file start-v7.cif (mmCIF, C-alpha atoms and all ligand atoms)
data_my_file
#
loop_
_atom_site.label_atom_id
_atom_site.label_comp_id
_atom_site.auth_asym_id
_atom_site.auth_seq_id
_atom_site.Cartn_x
_atom_site.Cartn_y
_atom_site.Cartn_z
CA MET A 1 1.95 -15.80 13.47
CA ILE A 2 0.28 -14.74 10.24
CA ASN A 3 1.62 -11.61 8.57
CA ALA A 4 -0.27 -9.26 6.26
CA LEU A 5 0.65 -9.16 2.59
CA THR A 6 -0.56 -6.03 0.82
CA VAL A 7 -0.43 -4.75 -2.76
CA ASP A 8 -1.01 -1.09 -3.65
CA LEU A 9 -2.72 -1.58 -7.02
CA GLU A 10 -1.57 1.38 -9.11
CA ASP A 11 0.31 1.84 -12.38
CA TRP A 12 3.88 3.06 -12.99
CA TYR A 13 2.80 6.69 -13.55
CA HIS A 14 0.97 7.09 -10.23
CA ILE A 15 3.68 9.18 -8.63
CA CYS A 16 2.67 11.71 -5.99
CA SER A 17 3.70 15.30 -6.47
CA ALA A 18 5.77 14.77 -9.62
CA GLU A 19 5.06 17.19 -12.43
CA GLY A 20 3.07 15.58 -15.23
CA TYR A 21 2.32 12.45 -13.23
CA SER A 22 0.22 13.58 -10.29
CA ASP A 23 -2.24 15.23 -12.72
CA GLN A 24 -5.10 12.79 -13.29
CA SER A 25 -6.16 14.41 -16.57
CA ARG A 26 -2.93 13.13 -18.17
CA TRP A 27 -3.11 9.54 -16.96
CA ASP A 28 -5.23 8.24 -19.84
CA ALA A 29 -2.44 9.12 -22.28
CA TYR A 30 0.15 6.91 -20.56
CA GLU A 31 0.80 3.32 -21.52
CA SER A 32 -1.09 0.96 -19.21
CA ARG A 33 1.19 -1.73 -17.78
CA ILE A 34 -1.05 -2.72 -14.89
CA LEU A 35 -2.44 -5.93 -16.42
CA LYS A 36 0.83 -7.66 -17.15
CA ASN A 37 2.47 -6.53 -13.93
CA THR A 38 -0.45 -7.60 -11.75
CA ALA A 39 -0.50 -10.94 -13.61
CA LYS A 40 3.07 -11.54 -12.37
CA ILE A 41 2.00 -10.89 -8.77
CA LEU A 42 -1.08 -13.11 -9.06
CA LYS A 43 1.02 -15.92 -10.55
CA LEU A 44 3.51 -15.68 -7.68
CA LEU A 45 0.69 -15.73 -5.10
CA ARG A 46 -0.92 -18.74 -6.81
CA THR A 47 2.41 -20.58 -6.77
CA TYR A 48 2.67 -20.23 -2.99
CA ASN A 49 -1.09 -20.41 -2.37
CA VAL A 50 -1.07 -17.05 -0.58
CA ARG A 51 -3.90 -14.51 -0.43
CA ALA A 52 -3.26 -10.79 -0.04
CA THR A 53 -5.04 -7.48 0.43
CA PHE A 54 -5.10 -5.39 -2.74
CA PHE A 55 -5.50 -1.67 -2.02
CA VAL A 56 -7.05 -0.77 -5.35
CA LEU A 57 -6.79 2.74 -6.75
CA GLY A 58 -10.31 3.75 -7.81
CA TYR A 59 -8.97 5.03 -11.13
CA ILE A 60 -7.58 1.55 -11.91
CA ALA A 61 -10.90 -0.09 -10.95
CA PHE A 62 -12.72 2.34 -13.24
CA ARG A 63 -10.47 1.50 -16.20
CA GLU A 64 -9.91 -2.20 -15.54
CA PRO A 65 -12.98 -3.69 -13.82
CA ASP A 66 -12.20 -7.19 -15.11
CA LEU A 67 -8.79 -7.07 -13.42
CA ILE A 68 -10.47 -6.35 -10.08
CA LYS A 69 -12.89 -9.26 -10.64
CA THR A 70 -9.98 -11.58 -11.42
CA ILE A 71 -8.13 -10.55 -8.24
CA LYS A 72 -11.26 -11.05 -6.13
CA ASN A 73 -12.08 -14.40 -7.77
CA GLU A 74 -8.62 -15.65 -6.82
CA GLY A 75 -9.57 -15.13 -3.18
CA HIS A 76 -7.79 -11.87 -2.42
CA GLU A 77 -9.25 -9.04 -0.40
CA ILE A 78 -10.19 -5.87 -2.28
CA ALA A 79 -9.68 -2.66 -0.29
CA THR A 80 -9.24 0.96 -1.41
CA HIS A 81 -6.24 3.18 -2.13
CA GLY A 82 -8.48 6.21 -2.81
CA PHE A 83 -9.41 7.37 -6.31
CA CYS A 84 -7.02 10.11 -7.46
CA HIS A 85 -3.80 9.03 -5.71
CA ARG A 86 -3.46 12.32 -3.88
CA ARG A 87 -1.69 12.45 -0.54
CA VAL A 88 -4.10 12.96 2.33
CA PHE A 89 -2.28 16.01 3.73
CA GLU A 90 -2.63 17.73 0.33
CA MET A 91 -6.42 17.51 0.51
CA THR A 92 -9.05 19.21 2.61
CA GLU A 93 -11.25 17.06 4.82
CA LYS A 94 -14.05 17.42 2.27
CA GLU A 95 -11.84 16.53 -0.71
CA PHE A 96 -10.55 13.48 1.15
CA GLU A 97 -14.06 12.31 1.96
CA GLU A 98 -15.18 12.76 -1.66
CA ASP A 99 -12.12 10.91 -2.97
CA VAL A 100 -12.68 7.92 -0.67
CA ILE A 101 -16.42 7.83 -1.42
CA LYS A 102 -15.71 7.84 -5.17
CA SER A 103 -13.25 4.97 -4.82
CA ILE A 104 -15.63 2.93 -2.65
CA GLU A 105 -18.48 3.43 -5.14
CA VAL A 106 -16.42 2.40 -8.17
CA ILE A 107 -14.76 -0.57 -6.50
CA SER A 108 -17.77 -2.01 -4.67
CA LEU A 109 -19.86 -1.79 -7.83
CA ILE A 110 -17.43 -4.34 -9.26
CA THR A 111 -16.89 -6.56 -6.22
CA LYS A 112 -20.45 -6.34 -4.80
CA GLU A 113 -18.81 -6.48 -1.38
CA ARG A 114 -18.27 -4.09 1.47
CA ILE A 115 -14.82 -2.52 1.51
CA LEU A 116 -13.22 -2.81 4.93
CA GLY A 117 -9.80 -1.26 4.46
CA PHE A 118 -7.99 1.85 3.24
CA ARG A 119 -4.38 2.77 2.53
CA ALA A 120 -3.44 6.34 1.70
CA PRO A 121 -1.10 7.10 -1.20
CA GLU A 122 2.44 7.32 0.22
CA TRP A 123 1.25 6.51 3.74
CA SER A 124 0.15 10.13 3.97
CA ILE A 125 -1.99 10.36 7.09
CA ARG A 126 -0.26 12.92 9.28
CA LYS A 127 -0.78 14.80 12.54
CA GLN A 128 -2.18 17.66 10.44
CA THR A 129 -4.96 15.41 9.10
CA PRO A 130 -6.67 14.46 12.39
CA TRP A 131 -9.97 14.10 10.47
CA ALA A 132 -8.72 11.25 8.28
CA LEU A 133 -9.50 8.24 10.51
CA LYS A 134 -12.81 9.75 11.59
CA THR A 135 -13.80 10.22 7.94
CA LEU A 136 -12.81 6.67 7.05
CA ARG A 137 -14.80 5.20 9.96
CA LYS A 138 -17.79 7.37 9.03
CA LEU A 139 -17.65 5.82 5.53
CA GLY A 140 -17.74 2.30 6.98
CA ILE A 141 -14.02 1.56 6.78
CA LEU A 142 -12.95 -0.75 9.64
CA TYR A 143 -9.18 -0.60 9.25
CA ASP A 144 -6.60 1.81 7.93
CA SER A 145 -2.99 1.11 6.96
CA SER A 146 -1.56 4.55 6.25
CA MET A 147 0.42 5.71 9.26
CA VAL A 148 4.20 5.67 9.50
CA PRO A 149 5.96 6.05 12.86
CA LEU A 150 8.86 7.95 11.28
CA THR A 151 10.16 11.44 11.99
CA ARG A 152 10.55 12.34 8.34
CA MET A 153 7.35 10.93 6.79
CA GLY A 154 4.60 10.39 9.36
CA ASP A 155 5.05 11.04 13.03
CA ARG A 156 7.29 9.41 15.60
CA ASP A 157 4.40 9.26 18.04
CA PHE A 158 2.28 7.13 15.72
CA PRO A 159 1.72 3.53 16.85
CA ILE A 160 4.34 1.00 15.75
CA TYR A 161 2.08 -2.06 15.97
CA PRO A 162 -1.52 -2.74 14.88
CA CYS A 163 -3.97 -1.27 17.36
CA LYS A 164 -7.52 0.07 17.66
CA LEU A 165 -7.99 3.83 17.69
CA ASP A 166 -11.08 5.76 18.76
CA THR A 167 -13.04 8.07 16.49
CA GLU A 168 -16.38 9.76 17.04
CA PHE A 169 -17.91 7.18 14.67
CA GLY A 170 -16.45 4.18 16.50
CA GLU A 171 -13.18 2.27 16.69
CA ILE A 172 -10.94 1.77 13.70
CA TRP A 173 -7.95 -0.52 13.42
CA GLU A 174 -4.64 1.02 12.42
CA LEU A 175 -1.98 -1.18 10.82
CA PRO A 176 1.04 1.09 10.63
CA LEU A 177 4.04 0.57 8.40
CA SER A 178 6.24 -2.10 10.00
CA THR A 179 9.46 -0.66 11.32
CA THR A 180 12.41 -1.69 13.43
CA ARG A 181 14.25 0.39 15.99
CA LEU A 182 17.79 1.45 15.12
CA PHE A 183 19.34 3.75 17.73
CA TRP A 184 16.90 6.67 18.04
CA GLU A 185 14.88 6.13 14.87
CA ASN A 186 12.35 3.66 13.51
CA ILE A 187 13.48 2.16 10.22
CA PRO A 188 11.16 0.77 7.52
CA PHE A 189 12.17 -2.46 5.77
CA SER A 190 9.08 -4.40 4.68
CA GLY A 191 8.17 -2.97 1.28
CA GLY A 192 8.84 -0.46 -1.47
CA LEU A 193 12.30 1.11 -1.57
CA PRO A 194 13.34 -0.04 1.93
CA LEU A 195 12.70 -3.71 1.00
CA ARG A 196 14.77 -3.23 -2.17
CA ILE A 197 17.68 -1.67 -0.27
CA VAL A 198 18.09 -3.67 2.94
CA PRO A 199 19.71 -7.13 2.89
CA TYR A 200 17.32 -10.04 2.70
CA PHE A 201 18.56 -11.66 5.92
CA TYR A 202 17.86 -8.39 7.73
CA VAL A 203 14.23 -8.40 6.52
CA ILE A 204 13.83 -12.01 7.68
CA SER A 205 15.27 -11.32 11.12
CA LYS A 206 13.14 -8.20 11.65
CA ILE A 207 9.88 -9.93 10.66
CA LYS A 208 10.79 -12.76 13.05
CA LYS A 209 11.39 -10.22 15.81
CA ILE A 210 8.02 -8.52 15.25
CA ASN A 211 6.32 -11.94 15.24
CA GLN A 212 8.11 -12.94 18.46
CA GLU A 213 6.71 -9.82 20.07
CA GLY A 214 3.26 -11.07 19.12
CA HIS A 215 2.48 -8.85 16.13
CA PRO A 216 2.03 -9.38 12.40
CA ALA A 217 4.40 -7.64 10.00
CA ILE A 218 2.88 -5.62 7.17
CA VAL A 219 4.59 -6.32 3.83
CA TYR A 220 3.69 -4.11 0.87
CA ILE A 221 4.45 -4.21 -2.84
CA HIS A 222 3.43 -2.41 -6.04
CA PRO A 223 2.82 -3.90 -9.52
CA TRP A 224 5.42 -1.51 -11.01
CA GLU A 225 8.07 -3.14 -8.82
CA PHE A 226 7.58 -6.26 -10.97
CA ASP A 227 8.41 -4.34 -14.16
CA LYS A 228 12.07 -3.96 -15.07
CA GLU A 229 11.09 -2.42 -18.43
CA LYS A 230 8.81 0.31 -17.15
CA PRO A 231 9.26 3.65 -18.96
CA LYS A 232 12.12 5.82 -17.74
CA ILE A 233 10.86 9.28 -16.92
CA GLU A 234 12.19 12.65 -15.85
CA ILE A 235 11.27 13.17 -12.20
CA PRO A 236 13.27 14.61 -9.31
CA LEU A 237 16.13 12.40 -8.17
CA THR A 238 14.60 11.38 -4.84
CA ARG A 239 11.39 10.28 -6.56
CA ARG A 240 13.35 8.44 -9.25
CA PHE A 241 15.28 6.60 -6.56
CA MET A 242 12.05 5.60 -4.84
CA HIS A 243 10.46 4.36 -8.05
CA TYR A 244 13.40 2.82 -9.91
CA PHE A 245 16.28 1.87 -7.61
CA ASN A 246 17.10 -1.86 -7.52
CA ILE A 247 13.68 -2.75 -8.93
CA LYS A 248 14.82 -6.26 -9.79
CA ALA A 249 15.11 -7.11 -6.08
CA THR A 250 11.41 -6.96 -5.24
CA PRO A 251 10.17 -10.18 -6.95
CA ILE A 252 13.14 -12.16 -5.60
CA LYS A 253 12.80 -10.93 -2.02
CA VAL A 254 9.02 -11.28 -1.99
CA GLU A 255 9.26 -14.87 -3.24
CA GLY A 256 11.72 -15.57 -0.43
CA LEU A 257 9.33 -14.10 2.12
CA LEU A 258 6.44 -16.20 0.77
CA LYS A 259 8.56 -19.33 1.32
CA HIS A 260 9.67 -18.24 4.77
CA PHE A 261 6.54 -16.85 6.45
CA ARG A 262 2.78 -17.26 6.53
CA PHE A 263 0.73 -14.45 4.99
CA ALA A 264 -2.93 -13.55 4.71
CA PRO A 265 -5.09 -10.57 3.74
CA ILE A 266 -5.55 -7.98 6.50
CA ARG A 267 -9.25 -8.92 6.89
CA ASP A 268 -8.12 -12.43 7.93
CA VAL A 269 -5.28 -11.15 10.15
CA LEU A 270 -7.86 -9.03 12.01
CA GLY A 271 -10.47 -11.80 12.04
CA PHE A 272 -13.06 -9.92 9.97
CA SER A 273 -13.60 -12.76 7.51
CA GLY A 274 -15.37 -15.20 9.76
ZN ZN B 301 0.10 4.46 -4.14
#
call {"tool": "encode", "arguments": {"input": "start-v7.cif", "output": "structure tokens", "more": "lines below"}}
Ligand SMILES: [Zn+2]
result
Amino acid sequence: MINALTVDLEDWYHICSAEGYSDQSRWDAYESRILKNTAKILKLLRTYNVRATFFVLGYIAFREPDLIKTIKNEGHEIATHGFCHRRVFEMTEKEFEEDVIKSIEVISLITKERILGFRAPEWSIRKQTPWALKTLRKLGILYDSSMVPLTRMGDRDFPIYPCKLDTEFGEIWELPLSTTRLFWENIPFSGGLPLRIVPYFYVISKIKKINQEGHPAIVYIHPWEFDKEKPKIEIPLTRRFMHYFNIKATPIKVEGLLKHFRFAPIRDVLGFSG
């Protein structure tokens, strides 16, 4: 079984709904740490000869086109993470469409390739954004990876495994956040804060279980999780926890996973590359 390895390509200050950081007009003033942090990820992937899907924030592509070319030239898939890093449920249908169009235009101008995939900032497709998948499919996107089957973040009724969903513009694949069942709730473990918190052996056993059931696991990382020296900032405690807690664990755990499992970009997992 081949699992999907994904990178949300954004910088340390791309924090949703945190004062001073979700405002795009202030981003240019912050120190850019994206090049050196992405270099660490690319080096790790080269070491284990693994290709991944990079969900590139349009803003990053606009500022660092050579970085996107480098990632593509190393064989990775370039997909989109939107342009402004706004959560889908905070936008209108029209704003969402414009944001995705802008990201596709900026990114595909660099890659000269069609973009197949989308991931929303903070997995923010919700029941109250029923237009999101339709809009993505209308714009030529063939897969989305933005839904979380959790009570608190997404919706418990969302799919737990990759599946095709219908829209009025045709079918679109959904690759939801990988979760495991614990009593009455689905628990995330395969990226971000959950990967940093849960024991490594637990992550291994849960990916094995998903694979045994015939599905790929979706692992996700961010460049800022490879940056122990990233600037310390004043944001609400829950956000700080999400962005800073046990940051040193990510590179170690991800390297372990690369040794333990087979990974590929989502386009290959879904068979779009042939
Ligand atoms: Zn993001």
call {"tool": "axis_aligned_box", "arguments": {"input": "start-v7.cif", "around": "segment 55-62 of chain A", "padding_each_side": "8 Å", "output": "JSON"}}
result
{"center_x": -9.1, "center_y": 1.7, "center_z": -7.6, "size_x": 23.2, "size_y": 22.7, "size_z": 27.2}
call {"tool": "residues_around", "arguments": {"input": "start-v7.cif", "residues": "Trp12 of chain A", "least_positions_apart": "3", "cutoff": "9 Å", "atoms": "all atoms listed in the file", "output": "VMD selection string"}}
result
chain A and resid 15 32 to 34 222 to 225 227 230 to 231 243
call {"tool": "closest_atom_pairs", "arguments": {"input": "start-v7.cif", "of": "chain A", "to": "ligand ZN 301 (chain B)", "cutoff": "7 Å", "atoms": "all atoms listed in the file", "output": "Markdown table"}}
result
| residue | atom | partner | partner_atom | distance |
| --- | --- | --- | --- | --- |
| A:Asp8 | CA | B:ZN301 | ZN | 5.7 |
| A:Glu10 | CA | B:ZN301 | ZN | 6.1 |
| A:His14 | CA | B:ZN301 | ZN | 6.7 |
| A:His81 | CA | B:ZN301 | ZN | 6.8 |
| A:His85 | CA | B:ZN301 | ZN | 6.2 |
| A:Pro121 | CA | B:ZN301 | ZN | 4.1 |
| A:Glu122 | CA | B:ZN301 | ZN | 5.7 |
call {"tool": "write_last_selection", "arguments": {"input": "start-v7.cif", "atoms": "C-alpha atoms", "output": "short mmCIF file (atom, residue, chain, number, x, y, z; two decimals), in the frame of the given file"}}
result
data_model
loop_
_atom_site.label_atom_id
_atom_site.label_comp_id
_atom_site.auth_asym_id
_atom_site.auth_seq_id
_atom_site.Cartn_x
_atom_site.Cartn_y
_atom_site.Cartn_z
CA ASP A 8 -1.01 -1.09 -3.65
CA GLU A 10 -1.57 1.38 -9.11
CA HIS A 14 0.97 7.09 -10.23
CA HIS A 81 -6.24 3.18 -2.13
CA HIS A 85 -3.80 9.03 -5.71
CA PRO A 121 -1.10 7.10 -1.20
CA GLU A 122 2.44 7.32 0.22
#
call {"tool": "closest_atom_pairs", "arguments": {"input": "start-v7.cif", "of": "segment 193-223 of chain A", "to": "segment 133-146 of chain A", "cutoff": "12 Å", "atoms": "all atoms listed in the file", "output": "Markdown table"}}
result
| residue | atom | partner | partner_atom | distance |
| --- | --- | --- | --- | --- |
| A:Ala217 | CA | A:Ser145 | CA | 11.8 |
| A:Ile218 | CA | A:Ser145 | CA | 8.9 |
| A:Val219 | CA | A:Ser145 | CA | 11.1 |
| A:Tyr220 | CA | A:Ser145 | CA | 10.4 |
call {"tool": "closest_residue", "arguments": {"input": "start-v7.cif", "among": "A:Arg240, A:Arg196, A:Lys40, A:Lys209", "to": "Lys253 of chain A", "atoms": "only C-alpha atoms"}}
result
A:Arg196
call {"tool": "residues_around", "arguments": {"input": "start-v7.cif", "residues": "Val148 of chain A", "least_positions_apart": "2", "cutoff": "10 Å", "atoms": "all atoms listed in the file", "output": "PDB file with C-alpha atoms, in the coordinates of the input"}}
result
ATOM      1  CA  GLU A 122       2.440   7.320   0.220  1.00  0.00           C
ATOM      2  CA  TRP A 123       1.250   6.510   3.740  1.00  0.00           C
ATOM      3  CA  SER A 124       0.150  10.130   3.970  1.00  0.00           C
ATOM      4  CA  ILE A 125      -1.990  10.360   7.090  1.00  0.00           C
ATOM      5  CA  ARG A 126      -0.260  12.920   9.280  1.00  0.00           C
ATOM      6  CA  SER A 145      -2.990   1.110   6.960  1.00  0.00           C
ATOM      7  CA  SER A 146      -1.560   4.550   6.250  1.00  0.00           C
ATOM      8  CA  LEU A 150       8.860   7.950  11.280  1.00  0.00           C
ATOM      9  CA  THR A 151      10.160  11.440  11.990  1.00  0.00           C
ATOM     10  CA  ARG A 152      10.550  12.340   8.340  1.00  0.00           C
ATOM     11  CA  MET A 153       7.350  10.930   6.790  1.00  0.00           C
ATOM     12  CA  GLY A 154       4.600  10.390   9.360  1.00  0.00           C
ATOM     13  CA  ASP A 155       5.050  11.040  13.030  1.00  0.00           C
ATOM     14  CA  ARG A 156       7.290   9.410  15.600  1.00  0.00           C
ATOM     15  CA  ASP A 157       4.400   9.260  18.040  1.00  0.00           C
ATOM     16  CA  PHE A 158       2.280   7.130  15.720  1.00  0.00           C
ATOM     17  CA  PRO A 159       1.720   3.530  16.850  1.00  0.00           C
ATOM     18  CA  ILE A 160       4.340   1.000  15.750  1.00  0.00           C
ATOM     19  CA  LEU A 175      -1.980  -1.180  10.820  1.00  0.00           C
ATOM     20  CA  PRO A 176       1.040   1.090  10.630  1.00  0.00           C
ATOM     21  CA  LEU A 177       4.040   0.570   8.400  1.00  0.00           C
ATOM     22  CA  SER A 178       6.240  -2.100  10.000  1.00  0.00           C
ATOM     23  CA  THR A 179       9.460  -0.660  11.320  1.00  0.00           C
ATOM     24  CA  ASN A 186      12.350   3.660  13.510  1.00  0.00           C
ATOM     25  CA  ILE A 187      13.480   2.160  10.220  1.00  0.00           C
ATOM     26  CA  PRO A 188      11.160   0.770   7.520  1.00  0.00           C
TER      27      PRO A 188
END
call {"tool": "residues_around", "arguments": {"input": "start-v7.cif", "residues": "Ala18 of chain A", "least_positions_apart": "4", "cutoff": "10 Å", "atoms": "all atoms listed in the file", "output": "ChimeraX atom specification"}}
result
/A:13-14,22-23,234-236,239-240
call {"tool": "write_last_selection", "arguments": {"input": "start-v7.cif", "atoms": "C-alpha atoms", "output": "PDB file, keeping the file's coordinate frame"}}
result
ATOM      1  CA  TYR A  13       2.800   6.690 -13.550  1.00  0.00           C
ATOM      2  CA  HIS A  14       0.970   7.090 -10.230  1.00  0.00           C
ATOM      3  CA  SER A  22       0.220  13.580 -10.290  1.00  0.00           C
ATOM      4  CA  ASP A  23      -2.240  15.230 -12.720  1.00  0.00           C
ATOM      5  CA  GLU A 234      12.190  12.650 -15.850  1.00  0.00           C
ATOM      6  CA  ILE A 235      11.270  13.170 -12.200  1.00  0.00           C
ATOM      7  CA  PRO A 236      13.270  14.610  -9.310  1.00  0.00           C
ATOM      8  CA  ARG A 239      11.390  10.280  -6.560  1.00  0.00           C
ATOM      9  CA  ARG A 240      13.350   8.440  -9.250  1.00  0.00           C
TER      10      ARG A 240
END
call {"tool": "closest_residue", "arguments": {"input": "start-v7.cif", "among": "A:Ile115, A:Ala264, A:Leu270, A:Leu258", "to": "Lys164 of chain A", "atoms": "only C-alpha atoms"}}
result
A:Leu270
call {"tool": "closest_residue", "arguments": {"input": "start-v7.cif", "among": "A:Pro149, A:Pro251, A:Pro130, A:Gly256", "to": "Tyr200 of chain A", "atoms": "all atoms listed in the file"}}
result
A:Gly256
call {"tool": "closest_residue", "arguments": {"input": "start-v7.cif", "among": "A:Trp27, A:Trp131, A:Tyr161, A:Phe272", "to": "Glu213 of chain A", "atoms": "only C-alpha atoms"}}
result
A:Tyr161
call {"tool": "residues_near_point", "arguments": {"input": "start-v7.cif", "point": "(-4.5, -8.9, -1.2)", "cutoff": "12 Å", "atoms": "all atoms listed in the file", "output": "number ranges by chain"}}
result
A: 3-9, 38, 41-42, 45-46, 50-56, 68, 70-80, 117, 218-222, 263-269
call {"tool": "atom_distance", "arguments": {"input": "start-v7.cif", "atom1": "atom CA of Tyr59 of chain A", "atom2": "atom CA of Ser25 of chain A"}}
result
11.2 Å
call {"tool": "closest_residue", "arguments": {"input": "start-v7.cif", "among": "A:Leu67, A:Ala132, A:Leu165, A:Met91", "to": "Ile110 of chain A", "atoms": "all atoms listed in the file"}}
result
A:Leu67
call {"tool": "atom_distance", "arguments": {"input": "start-v7.cif", "atom1": "atom CA of Glu105 of chain A", "atom2": "atom CA of Val88 of chain A"}}
result
18.8 Å
call {"tool": "closest_residue", "arguments": {"input": "start-v7.cif", "among": "A:Asp11, A:Ser17, A:Ala39, A:Ile233", "to": "Arg63 of chain A", "atoms": "all atoms listed in the file"}}
result
A:Asp11
call {"tool": "atom_distance", "arguments": {"input": "start-v7.cif", "atom1": "atom CA of Ile197 of chain A", "atom2": "atom CA of Thr250 of chain A"}}
result
9.6 Å
